[in-house]
>>> print(open('protein.txt').read())   # compact mmCIF, C-alpha atoms and all ligand atoms
# COMPACT_ATOMS: atom_id res chain seq x y z
CA MET A 1454 211.65 126.40 18.93
CA SER A 1455 211.25 126.06 15.22
CA ILE A 1456 214.18 126.94 12.96
CA PRO A 1457 213.66 125.70 9.39
CA SER A 1458 216.54 123.69 7.95
CA ASN A 1459 216.82 126.05 4.96
CA LEU A 1460 218.20 128.72 7.28
CA PRO A 1461 222.00 128.69 7.45
CA LEU A 1462 222.17 128.67 11.25
CA ARG A 1463 225.71 128.08 12.52
CA ASN A 1464 226.33 124.31 12.68
CA ASP A 1465 227.30 124.43 16.35
CA LEU A 1466 224.04 126.20 17.25
CA ALA A 1467 221.77 123.53 15.76
CA GLY A 1468 219.53 122.12 18.48
CA GLU A 1469 220.48 124.82 21.02
CA GLU A 1470 217.79 126.49 23.13
CA PRO A 1471 217.73 130.15 24.23
CA TYR A 1472 219.06 130.48 27.78
CA GLY A 1473 216.74 131.54 30.57
CA ALA A 1474 214.85 130.48 33.65
CA PRO A 1475 211.08 130.07 33.19
CA GLN A 1476 209.20 133.38 33.54
CA LEU A 1477 206.01 132.06 35.13
CA ASP A 1478 203.14 134.06 36.53
CA VAL A 1479 203.06 132.61 40.05
CA PRO A 1480 202.48 134.34 43.39
CA VAL A 1481 205.98 133.73 44.84
CA CYS A 1482 208.92 134.02 42.42
CA LEU A 1483 212.19 133.12 44.11
CA ASN A 1484 214.04 131.80 41.09
CA VAL A 1485 216.27 134.44 39.48
CA ASN A 1486 218.09 136.06 42.41
CA GLU A 1487 216.33 139.39 42.04
CA ASN A 1488 215.88 141.85 44.87
CA PRO A 1489 212.24 141.63 45.97
CA TYR A 1490 212.07 145.27 47.08
CA PRO A 1491 211.18 147.85 44.42
CA PRO A 1492 213.04 151.15 43.96
CA SER A 1493 211.94 153.75 46.53
CA PRO A 1494 209.60 156.63 45.56
CA ALA A 1495 212.62 159.01 45.71
CA VAL A 1496 214.48 156.87 43.17
CA VAL A 1497 211.40 156.64 40.95
CA GLU A 1498 211.18 160.47 41.04
CA SER A 1499 214.86 160.74 40.06
CA ILE A 1500 214.38 158.27 37.21
CA VAL A 1501 211.49 160.32 35.85
CA GLU A 1502 213.42 163.58 36.20
CA ARG A 1503 216.65 162.24 34.67
CA VAL A 1504 214.80 160.66 31.74
CA ARG A 1505 212.73 163.83 31.23
CA GLN A 1506 215.99 165.81 30.96
CA ILE A 1507 217.49 163.64 28.25
CA ALA A 1508 214.25 162.88 26.32
CA PRO A 1509 214.60 165.97 24.07
CA THR A 1510 218.13 164.82 23.10
CA LEU A 1511 217.11 161.36 21.89
CA ASN A 1512 217.56 162.38 18.25
CA ARG A 1513 221.32 162.26 19.04
CA TYR A 1514 223.44 159.21 19.82
CA PRO A 1515 224.34 158.90 23.51
CA ASP A 1516 227.80 159.47 25.03
CA ARG A 1517 229.55 156.36 23.73
CA GLU A 1518 232.01 156.54 26.60
CA HIS A 1519 229.25 157.09 29.23
CA MET A 1520 231.69 159.19 31.26
CA GLU A 1521 229.17 160.60 33.75
CA LEU A 1522 228.06 157.08 34.61
CA ARG A 1523 231.65 155.86 34.95
CA ARG A 1524 232.37 158.75 37.35
CA ALA A 1525 229.29 157.85 39.40
CA LEU A 1526 230.32 154.18 39.51
CA ALA A 1527 233.84 155.12 40.65
CA HIS A 1528 232.28 157.19 43.42
CA TYR A 1529 230.02 154.31 44.43
CA LEU A 1530 232.96 151.87 44.64
CA SER A 1531 234.90 154.33 46.77
CA LYS A 1532 232.04 154.22 49.29
CA GLU A 1533 231.12 150.53 48.99
CA SER A 1534 234.53 148.87 48.60
CA PHE A 1535 236.87 151.65 49.83
CA VAL A 1536 238.76 151.57 46.56
CA ASP A 1537 240.04 154.57 44.68
CA LEU A 1538 239.52 154.09 40.94
CA GLU A 1539 239.57 156.54 38.06
CA PRO A 1540 236.45 156.69 35.84
CA GLU A 1541 238.66 155.34 33.02
CA GLN A 1542 239.08 152.16 35.09
CA LEU A 1543 235.34 151.48 34.92
CA TRP A 1544 233.17 150.36 32.07
CA ALA A 1545 229.42 149.70 31.95
CA ALA A 1546 227.12 147.70 29.68
CA ASN A 1547 223.61 146.27 29.50
CA GLY A 1548 223.91 143.97 32.50
CA SER A 1549 227.01 142.11 33.55
CA ASN A 1550 225.93 139.53 30.98
CA GLU A 1551 226.93 141.97 28.25
CA ILE A 1552 230.12 142.86 30.12
CA MET A 1553 231.06 139.18 30.24
CA LEU A 1554 230.31 138.71 26.55
CA GLN A 1555 232.62 141.66 25.80
CA VAL A 1556 235.32 140.02 27.96
CA PHE A 1557 235.01 136.82 25.93
CA GLN A 1558 234.98 138.75 22.65
CA ALA A 1559 238.13 140.62 23.57
CA PHE A 1560 240.12 137.90 25.35
CA GLY A 1561 238.62 134.60 24.16
CA GLY A 1562 238.19 133.33 20.64
CA PRO A 1563 239.24 130.35 18.52
CA GLY A 1564 242.21 128.43 19.95
CA ARG A 1565 241.72 129.91 23.41
CA THR A 1566 240.23 128.53 26.60
CA ALA A 1567 238.29 130.03 29.50
CA LEU A 1568 238.56 128.27 32.84
CA GLY A 1569 235.91 128.29 35.58
CA PHE A 1570 235.21 126.48 38.87
CA ALA A 1571 232.20 124.17 38.79
CA PRO A 1572 229.44 124.21 39.74
CA THR A 1573 229.11 127.83 38.67
CA TYR A 1574 226.96 130.27 36.70
CA SER A 1575 225.40 128.44 33.79
CA MET A 1576 225.72 131.35 31.34
CA TYR A 1577 229.52 131.13 31.12
CA PRO A 1578 229.57 128.18 28.67
CA GLU A 1579 227.21 130.18 26.45
CA TYR A 1580 229.55 133.20 26.25
CA ALA A 1581 232.28 130.70 25.41
CA ARG A 1582 230.19 129.02 22.70
CA ASP A 1583 229.14 132.35 21.19
CA THR A 1584 232.78 133.49 20.90
CA PHE A 1585 234.25 130.13 19.79
CA THR A 1586 236.19 129.91 23.05
CA ALA A 1587 236.75 126.50 24.68
CA TRP A 1588 235.27 126.20 28.19
CA GLU A 1589 236.88 124.06 30.90
CA THR A 1590 236.12 123.71 34.58
CA VAL A 1591 237.93 122.61 37.71
CA PRO A 1592 235.61 121.01 40.28
CA ARG A 1593 235.08 122.82 43.56
CA LYS A 1594 235.44 120.87 46.84
CA SER A 1595 232.39 119.03 48.22
CA ASP A 1596 231.46 122.09 50.33
CA PHE A 1597 231.71 124.18 47.10
CA THR A 1598 234.75 126.15 48.26
CA LEU A 1599 237.54 126.63 45.78
CA ASP A 1600 240.12 123.86 45.43
CA VAL A 1601 243.02 126.31 45.23
CA ASP A 1602 245.72 123.69 44.53
CA ALA A 1603 243.72 122.19 41.67
CA ALA A 1604 242.93 125.68 40.36
CA VAL A 1605 246.59 126.76 40.39
CA LYS A 1606 247.62 123.54 38.66
CA ALA A 1607 244.92 123.91 35.99
CA ILE A 1608 245.92 127.51 35.23
CA ALA A 1609 249.49 126.34 34.53
CA GLU A 1610 248.38 123.34 32.48
CA VAL A 1611 245.41 124.69 30.51
CA LYS A 1612 247.04 128.08 29.82
CA PRO A 1613 243.62 129.77 29.63
CA SER A 1614 243.21 133.32 28.39
CA ILE A 1615 240.35 133.93 30.87
CA VAL A 1616 240.02 132.56 34.41
CA LEU A 1617 236.52 133.16 35.72
CA LEU A 1618 236.04 133.15 39.48
CA THR A 1619 232.51 133.84 40.72
CA SER A 1620 232.49 135.25 44.22
CA PRO A 1621 230.05 134.79 45.82
CA ASN A 1622 229.45 131.87 43.52
CA ASN A 1623 226.16 131.15 41.76
CA PRO A 1624 224.35 128.77 42.39
CA THR A 1625 226.10 127.84 45.64
CA GLY A 1626 226.55 131.26 47.33
CA THR A 1627 230.15 130.39 48.27
CA PRO A 1628 232.50 133.37 48.69
CA ALA A 1629 236.20 133.25 47.73
CA SER A 1630 238.54 134.85 50.26
CA ILE A 1631 240.89 137.62 49.19
CA GLU A 1632 243.79 135.20 49.80
CA GLU A 1633 242.24 132.76 47.32
CA VAL A 1634 241.90 135.53 44.74
CA GLU A 1635 245.55 136.44 45.33
CA ALA A 1636 246.62 132.80 44.90
CA LEU A 1637 244.84 132.64 41.52
CA LEU A 1638 246.34 135.97 40.51
CA ALA A 1639 249.83 134.71 41.36
CA ALA A 1640 249.18 131.59 39.27
CA CYS A 1641 247.91 133.71 36.36
CA GLU A 1642 250.93 135.99 36.52
CA LYS A 1643 253.21 132.96 36.11
CA ALA A 1644 251.20 131.20 33.39
CA ASP A 1645 251.31 131.45 29.62
CA VAL A 1646 248.25 131.71 27.39
CA GLU A 1647 247.62 129.17 24.67
CA GLY A 1648 246.97 130.97 21.42
CA ALA A 1649 248.32 134.37 22.59
CA PRO A 1650 251.68 136.02 21.95
CA GLN A 1651 254.61 135.15 24.22
CA GLY A 1652 254.56 137.12 27.46
CA ALA A 1653 250.75 137.30 27.76
CA HIS A 1654 249.24 136.03 31.02
CA PRO A 1655 245.68 134.87 31.75
CA LEU A 1656 243.13 137.53 32.73
CA LEU A 1657 241.49 136.74 36.07
CA VAL A 1658 237.87 137.93 36.02
CA VAL A 1659 236.17 137.94 39.40
CA ASP A 1660 232.40 138.02 38.95
CA GLU A 1661 231.13 139.90 41.99
CA ALA A 1662 227.46 140.06 40.95
CA TYR A 1663 226.37 139.35 44.56
CA ILE A 1664 229.24 141.00 46.46
CA GLU A 1665 227.13 143.55 48.37
CA PHE A 1666 225.54 140.63 50.26
CA ARG A 1667 228.91 139.49 51.68
CA ARG A 1668 229.54 139.42 55.40
CA PRO A 1669 230.69 142.84 56.64
CA GLY A 1670 234.44 143.39 56.76
CA LYS A 1671 235.35 141.14 53.84
CA PRO A 1672 237.24 143.01 51.11
CA SER A 1673 236.16 143.03 47.47
CA ALA A 1674 238.61 141.94 44.77
CA THR A 1675 238.42 145.53 43.46
CA THR A 1676 240.95 146.41 46.20
CA LEU A 1677 243.59 144.41 44.26
CA ILE A 1678 243.14 146.17 40.90
CA ASP A 1679 245.80 148.72 41.65
CA LYS A 1680 248.60 146.12 41.69
CA HIS A 1681 247.34 143.66 39.07
CA PRO A 1682 247.00 144.56 35.38
CA ASN A 1683 245.53 141.09 34.68
CA LEU A 1684 242.60 141.44 37.09
CA ALA A 1685 239.08 142.55 36.22
CA VAL A 1686 236.12 142.62 38.60
CA SER A 1687 232.62 142.56 37.17
CA ARG A 1688 229.60 143.83 39.08
CA THR A 1689 225.93 144.46 38.47
CA MET A 1690 223.15 146.76 39.58
CA SER A 1691 220.67 143.89 39.15
CA LYS A 1692 220.95 142.30 42.59
CA ALA A 1693 221.70 144.33 45.72
CA PHE A 1694 220.84 147.50 43.79
CA ALA A 1695 217.35 146.19 43.03
CA TYR A 1696 217.69 147.20 39.38
CA ALA A 1697 217.46 143.98 37.35
CA GLY A 1698 215.00 145.58 34.94
CA ALA A 1699 217.34 148.50 34.20
CA ARG A 1700 220.05 146.20 32.75
CA VAL A 1701 223.21 147.80 34.06
CA GLY A 1702 226.41 145.92 34.79
CA TYR A 1703 229.96 147.21 35.02
CA ILE A 1704 233.54 146.11 35.30
CA ALA A 1705 236.53 147.58 37.12
CA ALA A 1706 240.11 147.01 35.97
CA GLN A 1707 243.26 148.80 34.93
CA THR A 1708 242.80 150.78 31.73
CA GLY A 1709 244.44 148.13 29.51
CA VAL A 1710 241.52 145.78 30.14
CA ILE A 1711 238.96 148.55 29.67
CA ASP A 1712 240.55 149.67 26.40
CA SER A 1713 240.43 146.06 25.18
CA LEU A 1714 236.68 145.96 25.85
CA ARG A 1715 236.23 149.27 24.05
CA ILE A 1716 237.51 147.60 20.88
CA VAL A 1717 234.71 145.01 20.80
CA ARG A 1718 231.76 146.97 22.19
CA MET A 1719 228.95 147.95 19.86
CA PRO A 1720 229.05 151.67 19.17
CA TYR A 1721 226.55 153.38 21.52
CA HIS A 1722 225.82 150.09 23.28
CA LEU A 1723 224.46 151.86 26.35
CA SER A 1724 221.38 153.93 25.49
CA ALA A 1725 220.94 157.45 26.80
CA VAL A 1726 217.88 156.20 28.68
CA THR A 1727 219.85 153.40 30.39
CA GLN A 1728 222.59 155.84 31.36
CA ALA A 1729 220.03 158.27 32.81
CA VAL A 1730 218.24 155.53 34.73
CA ALA A 1731 221.51 154.17 36.14
CA LEU A 1732 222.57 157.66 37.26
CA ALA A 1733 219.21 158.12 38.98
CA ALA A 1734 219.84 155.07 41.17
CA LEU A 1735 223.41 156.13 41.86
CA ASP A 1736 222.03 159.50 43.08
CA HIS A 1737 220.41 157.50 45.90
CA THR A 1738 222.71 154.61 46.75
CA ASP A 1739 221.72 154.59 50.42
CA GLU A 1740 218.00 154.26 49.70
CA GLN A 1741 218.61 151.86 46.82
CA LEU A 1742 220.71 149.54 48.98
CA ALA A 1743 218.57 149.99 52.09
CA GLN A 1744 217.23 146.44 52.09
CA VAL A 1745 220.59 144.66 51.71
CA GLY A 1746 221.11 144.29 55.47
CA HIS A 1747 217.60 142.95 55.89
CA LEU A 1748 218.04 140.49 53.03
CA ARG A 1749 221.30 139.26 54.61
CA GLN A 1750 219.42 138.63 57.86
CA THR A 1751 216.59 136.90 55.96
CA ARG A 1752 219.20 134.66 54.32
CA ASP A 1753 220.97 133.78 57.57
CA ASP A 1754 217.63 133.01 59.24
CA LEU A 1755 216.56 130.84 56.31
CA VAL A 1756 219.85 128.91 56.32
CA GLN A 1757 219.32 128.14 60.01
CA TRP A 1758 215.71 127.14 59.43
CA LEU A 1759 216.56 124.90 56.48
CA ARG A 1760 219.32 123.18 58.48
CA ALA A 1761 216.68 122.19 61.03
CA GLN A 1762 214.48 120.50 58.38
CA THR A 1763 214.72 116.83 57.49
CA TYR A 1764 214.18 115.05 54.18
CA LYS A 1765 213.31 111.35 54.52
CA GLY A 1766 214.75 111.39 58.03
CA THR A 1767 218.05 113.09 57.17
CA PRO A 1768 218.81 116.76 57.97
CA LEU A 1769 219.14 118.94 54.89
CA THR A 1770 222.58 120.09 53.77
CA VAL A 1771 222.71 123.84 53.23
CA ALA A 1772 225.74 125.48 51.63
CA ASP A 1773 227.32 128.45 53.43
CA THR A 1774 226.27 131.52 51.49
CA ASP A 1775 227.38 135.15 51.21
CA SER A 1776 224.76 135.86 48.60
CA ASN A 1777 221.04 136.64 48.39
CA PHE A 1778 220.17 132.98 47.77
CA VAL A 1779 220.54 129.65 49.48
CA PHE A 1780 221.57 126.33 47.92
CA PHE A 1781 220.23 123.25 49.67
CA GLY A 1782 219.73 119.50 49.26
CA VAL A 1783 220.34 116.71 48.85
CA PHE A 1784 217.09 115.35 47.38
CA ASP A 1785 217.00 112.04 45.58
CA ASP A 1786 214.18 113.50 43.46
CA ARG A 1787 214.62 117.26 43.26
CA ASP A 1788 212.04 117.55 40.47
CA PHE A 1789 209.41 116.30 42.89
CA ILE A 1790 210.26 119.02 45.42
CA PHE A 1791 210.48 121.70 42.72
CA ASN A 1792 207.16 120.74 41.11
CA ARG A 1793 205.19 120.32 44.34
CA LEU A 1794 206.42 123.80 45.44
CA LEU A 1795 205.30 125.16 42.07
CA ASP A 1796 201.86 123.54 42.59
CA ARG A 1797 201.70 125.68 45.73
CA GLY A 1798 202.60 128.88 43.82
CA VAL A 1799 206.26 128.99 44.84
CA LEU A 1800 208.85 129.05 42.05
CA ILE A 1801 212.48 128.28 42.94
CA ARG A 1802 215.36 127.05 40.73
CA ASP A 1803 216.49 123.54 39.89
CA VAL A 1804 220.04 124.33 38.90
CA GLY A 1805 223.52 122.99 39.67
CA PRO A 1806 224.43 119.47 40.76
CA ASP A 1807 221.69 116.89 40.80
CA GLY A 1808 219.79 116.76 44.07
CA TRP A 1809 220.26 120.45 44.94
CA LEU A 1810 217.87 123.38 44.71
CA ARG A 1811 218.33 127.14 44.97
CA VAL A 1812 215.97 129.65 46.55
CA CYS A 1813 216.54 133.39 46.49
CA MET A 1814 215.49 135.80 49.18
CA GLY A 1815 212.04 137.34 48.94
CA THR A 1816 210.09 139.69 51.17
CA ASP A 1817 209.28 138.40 54.68
CA GLU A 1818 205.82 137.38 53.40
CA GLU A 1819 207.27 135.49 50.43
CA ILE A 1820 209.75 133.64 52.64
CA ALA A 1821 206.90 132.71 55.00
CA GLU A 1822 204.98 131.33 51.98
CA PHE A 1823 208.04 129.38 50.88
CA LYS A 1824 208.53 127.85 54.34
CA LYS A 1825 204.86 126.89 54.65
CA ALA A 1826 204.85 125.23 51.21
CA PHE A 1827 208.21 123.54 51.77
CA VAL A 1828 207.11 121.93 55.05
CA GLU A 1829 204.06 120.50 53.25
CA VAL A 1830 206.22 119.20 50.38
CA LEU A 1831 208.76 117.60 52.74
CA ARG A 1832 205.87 115.79 54.41
CA LEU A 1833 204.61 114.56 51.02
CA ALA A 1834 208.11 113.25 50.23
CA GLU A 1835 208.33 111.13 53.43
N1 LIG A 1901 226.95 136.89 37.06
C1 LIG A 1901 226.32 136.06 37.89
C2 LIG A 1901 227.12 135.18 38.78
C3 LIG A 1901 224.93 136.01 37.91
O1 LIG A 1901 224.30 135.16 38.72
C4 LIG A 1901 224.19 136.87 37.05
C5 LIG A 1901 222.68 136.90 37.01
N2 LIG A 1901 222.01 135.81 37.35
C6 LIG A 1901 224.90 137.70 36.20
C7 LIG A 1901 226.29 137.69 36.23
C8 LIG A 1901 224.23 138.60 35.21
O2 LIG A 1901 223.56 139.63 35.79
P1 LIG A 1901 223.08 140.91 34.98
O3 LIG A 1901 223.27 140.64 33.53
O4 LIG A 1901 221.66 141.09 35.35
O5 LIG A 1901 223.95 142.03 35.45
>>> encode(input="protein.txt", output="structure tokens")
Amino acid sequence: MSIPSNLPLRNDLAGEEPYGAPQLDVPVCLNVNENPYPPSPAVVESIVERVRQIAPTLNRYPDREHMELRRALAHYLSKESFVDLEPEQLWAANGSNEIMLQVFQAFGGPGRTALGFAPTYSMYPEYARDTFTAWETVPRKSDFTLDVDAAVKAIAEVKPSIVLLTSPNNPTGTPASIEEVEALLAACEKADVEGAPQGAHPLLVVDEAYIEFRRPGKPSATTLIDKHPNLAVSRTMSKAFAYAGARVGYIAAQTGVIDSLRIVRMPYHLSAVTQAVALAALDHTDEQLAQVGHLRQTRDDLVQWLRAQTYKGTPLTVADTDSNFVFFGVFDDRDFIFNRLLDRGVLIRDVGPDGWLRVCMGTDEEIAEFKKAFVEVLRLAE
């Protein structure tokens, strides 16, 4: 990083680094919670066909309201989460990262606070910084589940404009139950918002980036949208949908929330190509999501396997996970484990509380490579 001092960079950005996990060219990349399985040939065909259809129209701006995509997303949620939403209750952007930035732009700002539950996704403080929103966290319990009493108390005391609940949580994988979401909603509906007009209540944003990996039978927070104007649920096609490269995220909420985001979005933020590519995947949701069940099984098997491993004579602690990654520790020198795995061509993530590491699910071959390397590294650490 080299930013000359004669550039008038914002004072609060001086010394900051761009966010991002290392993009290293190694044989086994298990560090950014991607889906290891590529889109199927049928999806690739649809992408080519959809993009071919719109290519001659690229002299024109795209549909700013991306209505066809919003209809397709509503249809997908009706199948995946059994929830009946109007297209106007959905909104898409370039990854759920952009969705979240729009949420902060619309509901955060100077004099306002966003509240999260730590440890959690490390991008949130950056959206807060970029929108001059204060960022506060309530610690999770030692098993990384939500401390509901502390959360409810903090909502009343901090009077945040945004409450950000990640479920399943990143980096821990911990799901929040629907009862926990309801408890936070009830707290939000009673609370005031510092810096907002009288009568405003905090917006609860549930980040469901990994929700498709949950255990079957658990409801998504989208099922509560109907009754709660202060609830928004963000999702992504990057993970279960195996579409990280396409950059498509979306949010579901009552139309008041969506209309607020429409105020701050860039005009034509979603290119015609992105819309076409997203629609192509939504034409084939079954194929596109075909590997989710297998990845869930891979995860459950890996959790069991990791729990049987020992580090310096002590069994590893592995967090319960409803996601496509596993959070495990506790290492007194996690850098050693991380670096020796990297020496063996296996890249994982050193993120979250000290002593813990996160590995995301790969193909069966990649997981076999990870296990082989990890056993060697544990032996080295003895
Ligand atoms: N939310 C969470 C909890 C995440 O872990 C991620 C990606 N790591 C995102 C949002 C952003 O995903 P995307 O922008 O690819 O949709």
>>> atom_distance(input="protein.txt", atom1="CA of Thr1566 in chain A", atom2="CA of Val1701 in chain A")
26.8 Å
>>> residues_around(input="protein.txt", residues="Ser1499 in chain A", least_positions_apart="4", cutoff="10 Å", atoms="only C-alpha atoms", output="short mmCIF file (atom, residue, chain, number, x, y, z; two decimals) with C-alpha atoms, in the frame of the given file")
data_model
loop_
_atom_site.label_atom_id
_atom_site.label_comp_id
_atom_site.auth_asym_id
_atom_site.auth_seq_id
_atom_site.Cartn_x
_atom_site.Cartn_y
_atom_site.Cartn_z
CA SER A 1493 211.94 153.75 46.53
CA PRO A 1494 209.60 156.63 45.56
CA ALA A 1495 212.62 159.01 45.71
CA ARG A 1503 216.65 162.24 34.67
CA VAL A 1504 214.80 160.66 31.74
CA ARG A 1505 212.73 163.83 31.23
CA ALA A 1729 220.03 158.27 32.81
CA VAL A 1730 218.24 155.53 34.73
CA LEU A 1732 222.57 157.66 37.26
CA ALA A 1733 219.21 158.12 38.98
CA ALA A 1734 219.84 155.07 41.17
CA LEU A 1735 223.41 156.13 41.86
CA ASP A 1736 222.03 159.50 43.08
CA HIS A 1737 220.41 157.50 45.90
#
>>> residues_near_ligand(input="protein.txt", ligand="ligand LIG 1901 (chain A)", cutoff="9 Å", atoms="only C-alpha atoms and all ligand atoms", output="PDB file with C-alpha atoms, in the frame of the given file")
ATOM      1  CA  VAL A1485     216.270 134.440  39.480  1.00  0.00           C
ATOM      2  CA  ASN A1486     218.090 136.060  42.410  1.00  0.00           C
ATOM      3  CA  GLU A1487     216.330 139.390  42.040  1.00  0.00           C
ATOM      4  CA  ALA A1546     227.120 147.700  29.680  1.00  0.00           C
ATOM      5  CA  ASN A1547     223.610 146.270  29.500  1.00  0.00           C
ATOM      6  CA  GLY A1548     223.910 143.970  32.500  1.00  0.00           C
ATOM      7  CA  SER A1549     227.010 142.110  33.550  1.00  0.00           C
ATOM      8  CA  ASN A1550     225.930 139.530  30.980  1.00  0.00           C
ATOM      9  CA  GLU A1551     226.930 141.970  28.250  1.00  0.00           C
ATOM     10  CA  ILE A1552     230.120 142.860  30.120  1.00  0.00           C
ATOM     11  CA  MET A1553     231.060 139.180  30.240  1.00  0.00           C
ATOM     12  CA  THR A1573     229.110 127.830  38.670  1.00  0.00           C
ATOM     13  CA  TYR A1574     226.960 130.270  36.700  1.00  0.00           C
ATOM     14  CA  SER A1575     225.400 128.440  33.790  1.00  0.00           C
ATOM     15  CA  MET A1576     225.720 131.350  31.340  1.00  0.00           C
ATOM     16  CA  TYR A1577     229.520 131.130  31.120  1.00  0.00           C
ATOM     17  CA  THR A1619     232.510 133.840  40.720  1.00  0.00           C
ATOM     18  CA  SER A1620     232.490 135.250  44.220  1.00  0.00           C
ATOM     19  CA  PRO A1621     230.050 134.790  45.820  1.00  0.00           C
ATOM     20  CA  ASN A1622     229.450 131.870  43.520  1.00  0.00           C
ATOM     21  CA  ASN A1623     226.160 131.150  41.760  1.00  0.00           C
ATOM     22  CA  PRO A1624     224.350 128.770  42.390  1.00  0.00           C
ATOM     23  CA  ASP A1660     232.400 138.020  38.950  1.00  0.00           C
ATOM     24  CA  GLU A1661     231.130 139.900  41.990  1.00  0.00           C
ATOM     25  CA  ALA A1662     227.460 140.060  40.950  1.00  0.00           C
ATOM     26  CA  TYR A1663     226.370 139.350  44.560  1.00  0.00           C
ATOM     27  CA  SER A1687     232.620 142.560  37.170  1.00  0.00           C
ATOM     28  CA  ARG A1688     229.600 143.830  39.080  1.00  0.00           C
ATOM     29  CA  THR A1689     225.930 144.460  38.470  1.00  0.00           C
ATOM     30  CA  MET A1690     223.150 146.760  39.580  1.00  0.00           C
ATOM     31  CA  SER A1691     220.670 143.890  39.150  1.00  0.00           C
ATOM     32  CA  LYS A1692     220.950 142.300  42.590  1.00  0.00           C
ATOM     33  CA  TYR A1696     217.690 147.200  39.380  1.00  0.00           C
ATOM     34  CA  ALA A1697     217.460 143.980  37.350  1.00  0.00           C
ATOM     35  CA  GLY A1698     215.000 145.580  34.940  1.00  0.00           C
ATOM     36  CA  ALA A1699     217.340 148.500  34.200  1.00  0.00           C
ATOM     37  CA  ARG A1700     220.050 146.200  32.750  1.00  0.00           C
ATOM     38  CA  VAL A1701     223.210 147.800  34.060  1.00  0.00           C
ATOM     39  CA  GLY A1702     226.410 145.920  34.790  1.00  0.00           C
ATOM     40  CA  TYR A1703     229.960 147.210  35.020  1.00  0.00           C
TER      41      TYR A1703
END
>>> atom_distance(input="protein.txt", atom1="CA of Ser1455 in chain A", atom2="CA of Gln1558 in chain A")
27.9 Å
>>> atom_distance(input="protein.txt", atom1="CA of Gly1626 in chain A", atom2="CA of Asn1777 in chain A")
7.8 Å
>>> closest_residue(input="protein.txt", among="A:Ala1725, A:Ile1820, A:Leu1833, A:Leu1483", to="Asn1512 in chain A", atoms="all atoms listed in the file")
A:Ala1725
>>> residues_around(input="protein.txt", residues="Asn1683 in chain A", least_positions_apart="5", cutoff="8 Å", atoms="only C-alpha atoms", output="count of residues only")
8
>>> residues_around(input="protein.txt", residues="Leu1748 in chain A", least_positions_apart="3", cutoff="10 Å", atoms="only C-alpha atoms", output="MDAnalysis selection string")
chainID A and resid 1488:1490 1666 1693 1743:1745 1751:1754 1776:1778 1813:1817
>>> closest_residue(input="protein.txt", among="A:Arg1793, A:Lys1532, A:Arg1667, A:His1722", to="Glu1518 in chain A", atoms="all atoms listed in the file")
A:His1722
>>> residues_around(input="protein.txt", residues="Asp1596 in chain A", least_positions_apart="6", cutoff="12 Å", atoms="all atoms listed in the file", output="ChimeraX atom specification")
/A:1571-1572,1625-1628,1770-1774,1780-1781
>>> closest_residue(input="protein.txt", among="A:Ser1534, A:Gln1762, A:Thr1584, A:Asn1484", to="Gly1670 in chain A", atoms="all atoms listed in the file")
A:Ser1534
>>> residues_near_point(input="protein.txt", point="(220.4, 148.4, 44.7)", cutoff="6 Å", atoms="all atoms listed in the file", output="compact mmCIF listing (two decimals) with C-alpha atoms, in the coordinates of the input")
# COMPACT_ATOMS: atom_id res chain seq x y z
CA ALA A 1693 221.70 144.33 45.72
CA PHE A 1694 220.84 147.50 43.79
CA ALA A 1695 217.35 146.19 43.03
CA GLN A 1741 218.61 151.86 46.82
CA LEU A 1742 220.71 149.54 48.98
>>> residues_around(input="protein.txt", residues="range 1718-1720 of chain A", least_positions_apart="3", cutoff="12 Å", atoms="only C-alpha atoms", output="list in words")
Tyr1514, Pro1515, Asp1516, Arg1517, Glu1518, His1519, Trp1544, Ala1545, Ala1546, Asn1547, Glu1551, Ile1552, Met1553, Leu1554, Gln1555, Val1556, Phe1557, Gln1558, Ala1559, Ile1711, Asp1712, Ser1713, Leu1714, Arg1715, Leu1723 and Ser1724 of chain A
>>> closest_residue(input="protein.txt", among="A:Val1536, A:Leu1800, A:Ala1527, A:Leu1568", to="Ala1587 in chain A", atoms="all atoms listed in the file")
A:Leu1568
>>> closest_residue(input="protein.txt", among="A:Arg1797, A:Arg1582, A:Arg1811, A:His1747", to="Leu1759 in chain A", atoms="only C-alpha atoms")
A:Arg1811
>>> closest_residue(input="protein.txt", among="A:Glu1633, A:Glu1818, A:Glu1521, A:Glu1589", to="Asp1602 in chain A", atoms="all atoms listed in the file")
A:Glu1633
>>> residues_near_point(input="protein.txt", point="(247.6, 128.4, 28.5)", cutoff="10 Å", atoms="all atoms listed in the file", output="list in words")
Arg1565, Thr1566, Ala1567, Ala1607, Ile1608, Ala1609, Glu1610, Val1611, Lys1612, Pro1613, Ser1614, Ile1615, Cys1641, Ala1644, Asp1645, Val1646, Glu1647, Gly1648, Ala1649, Ala1653, His1654 and Pro1655 of chain A
